[in-house]
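The file model_33.cif contains mmCIF, C-alpha atoms and all ligand atoms:
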```
data_final
loop_
_atom_site.group_PDB
_atom_site.id
_atom_site.type_symbol
_atom_site.label_atom_id
_atom_site.label_comp_id
_atom_site.auth_asym_id
_atom_site.auth_seq_id
_atom_site.Cartn_x
_atom_site.Cartn_y
_atom_site.Cartn_z
ATOM 1 C CA MET A 13 8.127 8.237 141.694
ATOM 2 C CA THR A 14 10.880 6.222 139.960
ATOM 3 C CA ASP A 15 11.091 2.483 140.385
ATOM 4 C CA LEU A 16 14.070 2.856 142.669
ATOM 5 C CA SER A 17 12.366 5.423 144.939
ATOM 6 C CA ARG A 18 9.418 3.082 145.199
ATOM 7 C CA ILE A 19 11.648 0.119 146.079
ATOM 8 C CA VAL A 20 13.496 2.146 148.730
ATOM 9 C CA ALA A 21 10.243 3.501 150.236
ATOM 10 C CA THR A 22 8.700 0.019 150.375
ATOM 11 C CA ILE A 23 11.758 -1.491 152.049
ATOM 12 C CA ALA A 24 11.833 1.311 154.647
ATOM 13 C CA ALA A 25 8.106 0.924 155.373
ATOM 14 C CA ASP A 26 8.498 -2.845 155.817
ATOM 15 C CA MET A 27 11.537 -2.427 158.065
ATOM 16 C CA ALA A 28 9.652 0.110 160.210
ATOM 17 C CA ARG A 29 7.066 -2.611 160.900
ATOM 18 C CA ALA A 30 9.576 -5.433 161.540
ATOM 19 C CA GLU A 31 9.258 -7.056 164.938
ATOM 20 C CA ASP A 32 12.530 -8.936 165.272
ATOM 21 C CA ARG A 33 15.002 -6.059 165.184
ATOM 22 C CA GLY A 34 18.039 -7.826 166.690
ATOM 23 C CA ARG A 35 19.923 -6.538 169.737
ATOM 24 C CA VAL A 36 21.710 -3.231 170.076
ATOM 25 C CA ALA A 37 25.435 -3.664 170.912
ATOM 26 C CA ASP A 38 25.747 -3.163 174.647
ATOM 27 C CA TYR A 39 29.438 -3.873 175.247
ATOM 28 C CA ILE A 40 30.193 -0.227 174.446
ATOM 29 C CA PRO A 41 27.981 1.873 176.764
ATOM 30 C CA GLY A 42 27.883 4.749 174.258
ATOM 31 C CA LEU A 43 26.116 2.457 171.764
ATOM 32 C CA ALA A 44 23.754 0.732 174.196
ATOM 33 C CA ARG A 45 21.619 3.866 174.552
ATOM 34 C CA VAL A 46 20.538 3.968 170.888
ATOM 35 C CA ASP A 47 16.820 3.423 170.166
ATOM 36 C CA PRO A 48 16.460 0.141 168.200
ATOM 37 C CA ASN A 49 13.267 1.343 166.472
ATOM 38 C CA GLN A 50 15.143 3.137 163.731
ATOM 39 C CA PHE A 51 15.926 2.259 160.148
ATOM 40 C CA GLY A 52 17.461 4.374 157.411
ATOM 41 C CA ILE A 53 18.547 3.790 153.840
ATOM 42 C CA ALA A 54 20.290 5.977 151.251
ATOM 43 C CA ILE A 55 21.335 5.075 147.723
ATOM 44 C CA VAL A 56 23.437 7.241 145.442
ATOM 45 C CA THR A 57 23.458 5.970 141.882
ATOM 46 C CA ALA A 58 26.277 6.247 139.353
ATOM 47 C CA ASP A 59 24.353 8.969 137.524
ATOM 48 C CA GLY A 60 24.173 11.027 140.708
ATOM 49 C CA GLU A 61 20.607 10.466 141.855
ATOM 50 C CA THR A 62 19.989 10.054 145.576
ATOM 51 C CA HIS A 63 17.153 7.979 147.021
ATOM 52 C CA CYS A 64 16.599 8.044 150.783
ATOM 53 C CA ALA A 65 13.968 6.719 153.152
ATOM 54 C CA GLY A 66 13.358 6.242 156.864
ATOM 55 C CA ASP A 67 15.959 7.666 159.251
ATOM 56 C CA ALA A 68 18.468 8.401 156.503
ATOM 57 C CA ASP A 69 19.468 11.705 158.105
ATOM 58 C CA THR A 70 19.997 10.447 161.646
ATOM 59 C CA LEU A 71 23.616 10.250 162.776
ATOM 60 C CA PHE A 72 24.977 6.935 164.019
ATOM 61 C CA SER A 73 28.354 5.572 165.028
ATOM 62 C CA ILE A 74 29.995 4.183 161.898
ATOM 63 C CA GLN A 75 32.267 1.879 163.938
ATOM 64 C CA SER A 76 33.929 -0.715 161.724
ATOM 65 C CA ILE A 77 32.795 0.920 158.495
ATOM 66 C CA SER A 78 35.594 3.411 159.234
ATOM 67 C CA LYS A 79 38.032 0.550 158.565
ATOM 68 C CA VAL A 80 37.365 0.810 154.815
ATOM 69 C CA PHE A 81 38.406 4.469 154.720
ATOM 70 C CA ALA A 82 41.371 3.974 157.068
ATOM 71 C CA LEU A 83 42.529 1.115 154.828
ATOM 72 C CA THR A 84 42.246 3.347 151.756
ATOM 73 C CA ILE A 85 44.503 5.911 153.429
ATOM 74 C CA ALA A 86 47.011 3.254 154.575
ATOM 75 C CA LEU A 87 47.257 1.788 151.065
ATOM 76 C CA GLY A 88 47.918 5.305 149.790
ATOM 77 C CA LYS A 89 50.804 5.627 152.266
ATOM 78 C CA VAL A 90 52.529 2.258 152.030
ATOM 79 C CA GLY A 91 50.945 0.539 149.017
ATOM 80 C CA ASP A 92 51.203 -3.223 148.841
ATOM 81 C CA GLY A 93 53.786 -3.155 151.641
ATOM 82 C CA LEU A 94 50.752 -3.194 153.936
ATOM 83 C CA TRP A 95 50.241 -6.866 153.130
ATOM 84 C CA ARG A 96 53.438 -7.813 154.942
ATOM 85 C CA ARG A 97 51.718 -6.803 158.182
ATOM 86 C CA VAL A 98 48.064 -7.707 157.530
ATOM 87 C CA GLY A 99 46.567 -10.597 155.554
ATOM 88 C CA ARG A 100 43.691 -10.431 153.120
ATOM 89 C CA GLU A 101 41.832 -13.648 153.821
ATOM 90 C CA PRO A 102 38.437 -14.015 155.491
ATOM 91 C CA SER A 103 38.902 -14.738 159.172
ATOM 92 C CA GLY A 104 35.953 -17.022 159.855
ATOM 93 C CA THR A 105 36.137 -15.690 163.397
ATOM 94 C CA ALA A 106 34.464 -12.910 165.373
ATOM 95 C CA PHE A 107 35.554 -9.314 164.852
ATOM 96 C CA ASN A 108 37.459 -9.191 168.131
ATOM 97 C CA SER A 109 38.898 -12.723 168.179
ATOM 98 C CA ILE A 110 42.427 -13.204 169.470
ATOM 99 C CA VAL A 111 42.716 -16.918 168.665
ATOM 100 C CA GLN A 112 44.134 -16.690 165.132
ATOM 101 C CA LEU A 113 46.732 -14.120 166.128
ATOM 102 C CA GLU A 114 48.739 -16.666 168.074
ATOM 103 C CA HIS A 115 48.747 -19.212 165.245
ATOM 104 C CA GLU A 116 49.668 -16.554 162.732
ATOM 105 C CA SER A 117 52.423 -14.837 164.705
ATOM 106 C CA GLY A 118 50.680 -11.539 165.330
ATOM 107 C CA VAL A 119 49.701 -10.930 161.675
ATOM 108 C CA PRO A 120 45.928 -10.335 161.551
ATOM 109 C CA ARG A 121 43.920 -12.134 158.874
ATOM 110 C CA ASN A 122 42.563 -8.994 157.218
ATOM 111 C CA PRO A 123 42.239 -5.221 157.733
ATOM 112 C CA PHE A 124 38.570 -5.457 158.767
ATOM 113 C CA VAL A 125 38.910 -7.546 161.928
ATOM 114 C CA ASN A 126 39.793 -5.360 164.906
ATOM 115 C CA ALA A 127 43.402 -6.551 165.060
ATOM 116 C CA GLY A 128 43.890 -5.729 161.371
ATOM 117 C CA ALA A 129 42.363 -2.296 161.798
ATOM 118 C CA ILE A 130 44.671 -1.570 164.740
ATOM 119 C CA VAL A 131 47.679 -2.373 162.497
ATOM 120 C CA VAL A 132 46.205 -0.059 159.840
ATOM 121 C CA ALA A 133 45.873 2.671 162.513
ATOM 122 C CA ASP A 134 49.547 2.113 163.373
ATOM 123 C CA VAL A 135 50.492 2.507 159.683
ATOM 124 C CA ASN A 136 48.473 5.711 159.428
ATOM 125 C CA LEU A 137 50.214 7.092 162.520
ATOM 126 C CA ALA A 138 53.635 7.125 160.852
ATOM 127 C CA GLY A 139 55.099 10.607 161.159
ATOM 128 C CA HIS A 140 51.965 11.962 162.833
ATOM 129 C CA GLN A 141 50.439 12.646 166.202
ATOM 130 C CA PRO A 142 47.205 10.641 166.797
ATOM 131 C CA ARG A 143 45.222 13.880 166.500
ATOM 132 C CA GLU A 144 46.649 14.470 163.020
ATOM 133 C CA THR A 145 45.950 10.901 161.912
ATOM 134 C CA ILE A 146 42.334 11.184 162.986
ATOM 135 C CA GLY A 147 42.140 14.637 161.413
ATOM 136 C CA GLU A 148 43.366 13.183 158.122
ATOM 137 C CA LEU A 149 40.640 10.514 158.184
ATOM 138 C CA LEU A 150 37.950 13.061 159.058
ATOM 139 C CA GLN A 151 39.090 15.351 156.245
ATOM 140 C CA PHE A 152 39.038 12.417 153.835
ATOM 141 C CA LEU A 153 35.464 11.540 154.820
ATOM 142 C CA ARG A 154 34.332 15.162 154.573
ATOM 143 C CA HIS A 155 35.854 15.404 151.113
ATOM 144 C CA LEU A 156 34.262 12.133 149.966
ATOM 145 C CA ALA A 157 30.855 12.997 151.429
ATOM 146 C CA GLU A 158 31.141 16.652 150.383
ATOM 147 C CA ASP A 159 30.001 17.537 153.870
ATOM 148 C CA ASP A 160 32.166 19.361 156.408
ATOM 149 C CA SER A 161 29.875 18.510 159.292
ATOM 150 C CA VAL A 162 31.282 14.979 159.771
ATOM 151 C CA VAL A 163 32.702 14.755 163.321
ATOM 152 C CA ILE A 164 33.622 12.305 166.061
ATOM 153 C CA ASP A 165 31.154 11.491 168.832
ATOM 154 C CA ASP A 166 33.440 12.043 171.813
ATOM 155 C CA LYS A 167 31.163 10.213 174.231
ATOM 156 C CA VAL A 168 31.396 7.065 172.121
ATOM 157 C CA ALA A 169 35.177 7.467 171.795
ATOM 158 C CA GLN A 170 35.558 7.771 175.575
ATOM 159 C CA SER A 171 33.251 4.852 176.096
ATOM 160 C CA GLU A 172 35.324 2.702 173.699
ATOM 161 C CA ARG A 173 38.496 3.620 175.507
ATOM 162 C CA ALA A 174 36.989 2.880 178.908
ATOM 163 C CA THR A 175 35.792 -0.577 177.887
ATOM 164 C CA GLY A 176 38.222 -1.576 175.121
ATOM 165 C CA PHE A 177 40.052 -4.264 177.070
ATOM 166 C CA ARG A 178 39.923 -6.795 174.269
ATOM 167 C CA ASN A 179 41.222 -4.328 171.745
ATOM 168 C CA ALA A 180 44.020 -3.472 174.189
ATOM 169 C CA ALA A 181 44.759 -7.190 174.470
ATOM 170 C CA LEU A 182 44.912 -7.524 170.666
ATOM 171 C CA ALA A 183 47.201 -4.508 170.370
ATOM 172 C CA ASN A 184 49.546 -5.672 173.134
ATOM 173 C CA TYR A 185 49.681 -9.127 171.631
ATOM 174 C CA MET A 186 50.627 -7.777 168.210
ATOM 175 C CA LYS A 187 53.165 -5.448 169.809
ATOM 176 C CA SER A 188 54.817 -8.495 171.386
ATOM 177 C CA PHE A 189 55.275 -9.922 167.865
ATOM 178 C CA GLY A 190 56.722 -6.622 166.646
ATOM 179 C CA ASN A 191 53.717 -5.846 164.435
ATOM 180 C CA LEU A 192 53.008 -2.392 165.938
ATOM 181 C CA GLU A 193 55.563 0.361 165.458
ATOM 182 C CA HIS A 194 54.006 2.912 167.786
ATOM 183 C CA ALA A 195 53.014 2.695 171.426
ATOM 184 C CA VAL A 196 49.912 0.571 171.966
ATOM 185 C CA GLU A 197 48.025 3.553 173.473
ATOM 186 C CA LEU A 198 48.653 5.659 170.370
ATOM 187 C CA ALA A 199 47.416 3.025 167.897
ATOM 188 C CA LEU A 200 44.400 2.332 170.110
ATOM 189 C CA GLY A 201 43.669 6.049 170.475
ATOM 190 C CA VAL A 202 43.425 6.372 166.687
ATOM 191 C CA TYR A 203 41.369 3.191 166.400
ATOM 192 C CA PHE A 204 38.852 4.167 169.120
ATOM 193 C CA HIS A 205 38.342 7.620 167.634
ATOM 194 C CA GLN A 206 37.902 6.395 164.061
ATOM 195 C CA CYS A 207 35.219 3.935 165.237
ATOM 196 C CA ALA A 208 33.423 6.812 167.002
ATOM 197 C CA ILE A 209 32.957 8.902 163.835
ATOM 198 C CA ALA A 210 29.256 9.765 163.474
ATOM 199 C CA MET A 211 27.621 9.883 160.041
ATOM 200 C CA ASN A 212 24.176 9.375 158.577
ATOM 201 C CA CYS A 213 23.163 7.101 155.699
ATOM 202 C CA ARG A 214 23.106 9.956 153.202
ATOM 203 C CA GLN A 215 26.675 10.993 154.050
ATOM 204 C CA LEU A 216 27.962 7.436 154.093
ATOM 205 C CA ALA A 217 26.432 6.541 150.730
ATOM 206 C CA LYS A 218 28.089 9.646 149.269
ATOM 207 C CA ALA A 219 31.417 8.736 150.875
ATOM 208 C CA GLY A 220 31.317 5.305 149.190
ATOM 209 C CA ARG A 221 30.876 6.674 145.676
ATOM 210 C CA PHE A 222 34.543 6.363 144.714
ATOM 211 C CA LEU A 223 34.259 2.610 145.271
ATOM 212 C CA MET A 224 31.315 2.358 142.866
ATOM 213 C CA LEU A 225 33.115 4.498 140.259
ATOM 214 C CA ASP A 226 36.438 2.659 139.921
ATOM 215 C CA GLY A 227 38.194 5.069 142.258
ATOM 216 C CA VAL A 228 36.836 8.371 140.919
ATOM 217 C CA HIS A 229 35.284 10.943 143.270
ATOM 218 C CA PRO A 230 32.355 12.305 141.236
ATOM 219 C CA GLY A 231 32.515 15.675 143.019
ATOM 220 C CA SER A 232 35.980 16.472 141.675
ATOM 221 C CA GLY A 233 36.151 14.026 138.753
ATOM 222 C CA ARG A 234 39.557 12.958 140.112
ATOM 223 C CA HIS A 235 40.815 9.549 141.127
ATOM 224 C CA VAL A 236 40.875 9.088 144.918
ATOM 225 C CA VAL A 237 42.535 5.725 144.277
ATOM 226 C CA SER A 238 43.346 3.851 141.070
ATOM 227 C CA ALA A 239 40.665 1.693 139.483
ATOM 228 C CA ALA A 240 42.629 -1.432 140.406
ATOM 229 C CA ARG A 241 42.779 -0.393 144.051
ATOM 230 C CA ALA A 242 39.060 0.426 144.221
ATOM 231 C CA ARG A 243 38.284 -3.046 142.853
ATOM 232 C CA ARG A 244 40.562 -4.655 145.417
ATOM 233 C CA ILE A 245 38.995 -2.766 148.303
ATOM 234 C CA ASN A 246 35.606 -3.980 147.054
ATOM 235 C CA ALA A 247 36.994 -7.531 146.889
ATOM 236 C CA LEU A 248 38.082 -7.258 150.514
ATOM 237 C CA MET A 249 34.660 -5.974 151.539
ATOM 238 C CA LEU A 250 32.991 -8.885 149.786
ATOM 239 C CA THR A 251 35.234 -11.515 151.361
ATOM 240 C CA CYS A 252 35.918 -9.983 154.788
ATOM 241 C CA GLY A 253 33.413 -7.159 155.368
ATOM 242 C CA HIS A 254 31.049 -9.026 157.678
ATOM 243 C CA TYR A 255 33.472 -10.975 159.886
ATOM 244 C CA ASP A 256 32.443 -14.612 160.229
ATOM 245 C CA ALA A 257 29.209 -13.892 158.335
ATOM 246 C CA SER A 258 30.967 -12.589 155.196
ATOM 247 C CA GLY A 259 30.104 -15.714 153.216
ATOM 248 C CA ASP A 260 26.486 -15.502 154.284
ATOM 249 C CA PHE A 261 26.265 -11.829 153.307
ATOM 250 C CA ALA A 262 27.749 -12.549 149.854
ATOM 251 C CA TYR A 263 25.277 -15.424 149.481
ATOM 252 C CA ARG A 264 22.210 -13.483 150.585
ATOM 253 C CA VAL A 265 22.994 -10.048 149.158
ATOM 254 C CA GLY A 266 25.766 -10.352 146.571
ATOM 255 C CA PHE A 267 27.299 -6.878 147.053
ATOM 256 C CA PRO A 268 30.649 -5.946 148.604
ATOM 257 C CA GLY A 269 29.741 -4.466 151.987
ATOM 258 C CA LYS A 270 31.161 -3.420 155.334
ATOM 259 C CA SER A 271 29.195 -3.524 158.554
ATOM 260 C CA GLY A 272 29.764 -1.891 161.924
ATOM 261 C CA VAL A 273 28.443 -2.687 165.400
ATOM 262 C CA GLY A 274 26.629 0.672 165.390
ATOM 263 C CA GLY A 275 24.204 -1.069 162.992
ATOM 264 C CA GLY A 276 25.370 0.551 159.762
ATOM 265 C CA ILE A 277 26.318 -1.217 156.537
ATOM 266 C CA MET A 278 27.913 0.431 153.510
ATOM 267 C CA ALA A 279 27.457 -1.607 150.329
ATOM 268 C CA ILE A 280 28.782 -1.020 146.837
ATOM 269 C CA VAL A 281 27.346 -2.116 143.507
ATOM 270 C CA PRO A 282 30.269 -1.387 141.156
ATOM 271 C CA GLY A 283 29.252 0.918 138.339
ATOM 272 C CA ARG A 284 25.746 1.177 139.692
ATOM 273 C CA ALA A 285 25.230 2.349 143.286
ATOM 274 C CA SER A 286 26.708 3.255 146.647
ATOM 275 C CA ILE A 287 24.363 2.312 149.468
ATOM 276 C CA ALA A 288 24.172 2.881 153.222
ATOM 277 C CA VAL A 289 21.641 1.236 155.518
ATOM 278 C CA TRP A 290 21.358 1.586 159.262
ATOM 279 C CA SER A 291 19.362 -0.075 161.972
ATOM 280 C CA PRO A 292 20.998 -0.439 165.393
ATOM 281 C CA GLY A 293 19.800 -3.964 166.311
ATOM 282 C CA LEU A 294 22.404 -6.614 165.456
ATOM 283 C CA ASN A 295 22.050 -10.277 164.556
ATOM 284 C CA THR A 296 23.995 -12.968 166.393
ATOM 285 C CA ARG A 297 27.085 -12.359 164.191
ATOM 286 C CA GLY A 298 27.209 -8.647 165.092
ATOM 287 C CA ASN A 299 25.827 -7.312 161.799
ATOM 288 C CA SER A 300 22.720 -5.137 161.488
ATOM 289 C CA GLN A 301 19.705 -7.437 161.487
ATOM 290 C CA LEU A 302 17.372 -5.224 159.463
ATOM 291 C CA GLY A 303 20.204 -3.695 157.454
ATOM 292 C CA THR A 304 21.135 -7.128 156.115
ATOM 293 C CA ILE A 305 17.511 -8.018 155.374
ATOM 294 C CA ALA A 306 16.970 -4.663 153.639
ATOM 295 C CA LEU A 307 20.018 -5.142 151.406
ATOM 296 C CA ALA A 308 18.898 -8.667 150.484
ATOM 297 C CA ARG A 309 15.496 -7.211 149.557
ATOM 298 C CA LEU A 310 17.146 -4.468 147.521
ATOM 299 C CA ALA A 311 19.324 -7.008 145.682
ATOM 300 C CA ASP A 312 16.258 -9.096 144.825
ATOM 301 C CA ALA A 313 14.192 -6.110 143.715
ATOM 302 C CA THR A 314 16.889 -4.541 141.545
ATOM 303 C CA GLY A 315 18.812 -7.566 140.238
ATOM 304 C CA TRP A 316 22.004 -5.762 141.221
ATOM 305 C CA SER A 317 23.863 -8.807 142.543
ATOM 306 C CA ILE A 318 27.429 -8.639 141.276
ATOM 307 C CA PHE A 319 27.074 -12.311 140.361
ATOM 308 C CA ARG A 320 24.413 -11.607 137.771
ATOM 309 C CA PRO A 321 25.690 -11.938 134.172
ATOM 310 C CA ALA A 322 26.735 -8.480 132.981
ATOM 311 C CA ALA A 323 24.568 -8.769 129.862
ATOM 312 C CA ASP A 324 21.447 -8.916 132.067
ATOM 313 C CA ARG A 325 22.347 -5.744 133.925
ATOM 314 C CA SER A 326 20.683 -3.381 131.513
ATOM 315 C CA PRO A 327 21.475 0.269 132.249
ATOM 316 C CA ASP A 328 17.765 1.059 132.385
ATOM 317 C CA ALA A 329 16.900 -1.595 134.917
ATOM 318 C CA PRO A 330 16.630 -0.216 138.440
HETATM 319 N N1 LIG B 1 34.717 -0.233 168.061
HETATM 320 C C1 LIG B 1 34.259 -1.579 167.878
HETATM 321 C C2 LIG B 1 35.184 -2.496 168.611
HETATM 322 O O1 LIG B 1 36.353 -2.340 168.470
HETATM 323 C C3 LIG B 1 34.191 -1.874 166.414
HETATM 324 C C4 LIG B 1 33.675 -3.228 166.106
HETATM 325 C C5 LIG B 1 32.747 -3.277 164.910
HETATM 326 O O2 LIG B 1 32.127 -2.315 164.487
HETATM 327 O O3 LIG B 1 32.595 -4.375 164.401
HETATM 328 O O4 LIG B 1 34.812 -3.335 169.349
#
```

What would the structure in this file look like if it were written as structure tokens?
Amino acid sequence: MTDLSRIVATIAADMARAEDRGRVADYIPGLARVDPNQFGIAIVTADGETHCAGDADTLFSIQSISKVFALTIALGKVGDGLWRRVGREPSGTAFNSIVQLEHESGVPRNPFVNAGAIVVADVNLAGHQPRETIGELLQFLRHLAEDDSVVIDDKVAQSERATGFRNAALANYMKSFGNLEHAVELALGVYFHQCAIAMNCRQLAKAGRFLMLDGVHPGSGRHVVSAARARRINALMLTCGHYDASGDFAYRVGFPGKSGVGGGIMAIVPGRASIAVWSPGLNTRGNSQLGTIALARLADATGWSIFRPAADRSPDAP
């Protein structure tokens, strides 16, 4: 067993025994049914090794983690023009907050709060039917994960639509400021379906590889995005990827990461690893309770914090 396999196995065993597992999101009925006694972790390293433990092959709803991939597509379509419609500052507020939108004239703080992701969905709709926009995102994920089985969980999508009153409020509010080009229902339809994409830790860690490799997809050897763009997406994950707990996550873990209310977190160690953890119970800020603890443990055990001096990050260290 390599050092890294041992670290991953130990973390998974400890998380399986954890008593305080947080609370499963219950505001979307499709998520409330998930058994909280699950934990999975998958790490794909820059040299192509995969280390998995626990429930790494169990599908879960990726929810807000989809915002990273939708953002990547939107930047490919409109480039830096996106930043006229969405900011790139941490929000310091909850993922579904409407408060800042009024002060900031319908321009969401960043693409990872719900309002920002709805604008991104609107950008990705340009020239397409919602079905095509979602199809494009699914194809992108399948390509990145090298796995054609990635699909949407329709029950979760329906459940989001049936209960998404706050998201509808955010979308209508932005529409009133002229920051949505398409009909509110169309942008929301894309947003609800992208949140309902189901993946497992193994697939998600593979999908994140281009962000660890300066934009290159190791399967094809081609750039999915430029190196500069990959670094900027990582910067956004570090500063905005955990809503109003983004600072705390950077402090405790020290990796760019994006969480979702399904209990998943994708984290990137540039040049070193793409990681996915999942445990459905959330902490009070809406981020996976055990997922966050597991990543903090991994950072401590490996010394992978991006804030560690580069000279200390020897290629042989785990
Ligand atoms: N679909 C969820 C919502 O819009 C996503 C939130 C999240 O994962 O943080 O409420």

Q) What is the atom CA of A:Ile55 to atom CA of A:Ser286 distance in Å? A) 5.8 Å

**Q.** Residues selected by the PyMOL selection byres (((chain A and resi 231) around 10) and not hetatm), written as a list in words
**A.** Gly60, His155, Leu156, Ala157, Glu158, Lys218, Arg221, Phe222, Val228, His229, Pro230, Ser232, Gly233 and Arg234 of chain A

Which centre and which edge lengths, in Å to one decimal, describe the axis-aligned box that holds all listed atoms of stretch 109-128 of chain A after 6 Å is added on each side, as JSON?
```
{"center_x": 45.5, "center_y": -12.2, "center_z": 163.3, "size_x": 25.9, "size_y": 26.0, "size_z": 24.3}
```

**Q.** Test item: residues at most 10 Å from A:Phe152, all atoms listed in the file, excluding those fewer than 2 positions along its chain, as an NGL selection string
**A.** :A and (81-82 or 84-85 or 146-150 or 154-158 or 219 or 236)

Only C-alpha atoms, please: the residues just picked out, written as a PDB file, keeping the file's coordinate frame.
```
ATOM      1  CA  PHE A  81      38.406   4.469 154.720  1.00  0.00           C
ATOM      2  CA  ALA A  82      41.371   3.974 157.068  1.00  0.00           C
ATOM      3  CA  THR A  84      42.246   3.347 151.756  1.00  0.00           C
ATOM      4  CA  ILE A  85      44.503   5.911 153.429  1.00  0.00           C
ATOM      5  CA  ILE A 146      42.334  11.184 162.986  1.00  0.00           C
ATOM      6  CA  GLY A 147      42.140  14.637 161.413  1.00  0.00           C
ATOM      7  CA  GLU A 148      43.366  13.183 158.122  1.00  0.00           C
ATOM      8  CA  LEU A 149      40.640  10.514 158.184  1.00  0.00           C
ATOM      9  CA  LEU A 150      37.950  13.061 159.058  1.00  0.00           C
ATOM     10  CA  ARG A 154      34.332  15.162 154.573  1.00  0.00           C
ATOM     11  CA  HIS A 155      35.854  15.404 151.113  1.00  0.00           C
ATOM     12  CA  LEU A 156      34.262  12.133 149.966  1.00  0.00           C
ATOM     13  CA  ALA A 157      30.855  12.997 151.429  1.00  0.00           C
ATOM     14  CA  GLU A 158      31.141  16.652 150.383  1.00  0.00           C
ATOM     15  CA  ALA A 219      31.417   8.736 150.875  1.00  0.00           C
ATOM     16  CA  VAL A 236      40.875   9.088 144.918  1.00  0.00           C
TER      17      VAL A 236
END
```

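Minimum distance to A:Gly93 across A:Gly201, A:Ile209, A:Val132, A:Gln170 (counting all atoms listed in the file) occurs at A:Val132.
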
Q | Counting all atoms listed in the file, the option among A:Phe204, A:Phe189, A:Tyr255, A:Phe51 closest to A:Gln75 | A | A:Phe204

Q: May I have the residues within 8 Å of stretch 94-108 of chain A as JSON, numbers by chain, using all atoms listed in the file and disregarding those fewer than 6 positions away in the same chain?
A: {"A": [86, 87, 119, 120, 121, 122, 123, 124, 125, 126, 127, 128, 131, 178, 179, 191, 248, 251, 252, 255, 256, 257, 258, 297]}

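The coordinates place atom CA of A:Phe267 at 27.6 Å from atom CA of A:Asn136.
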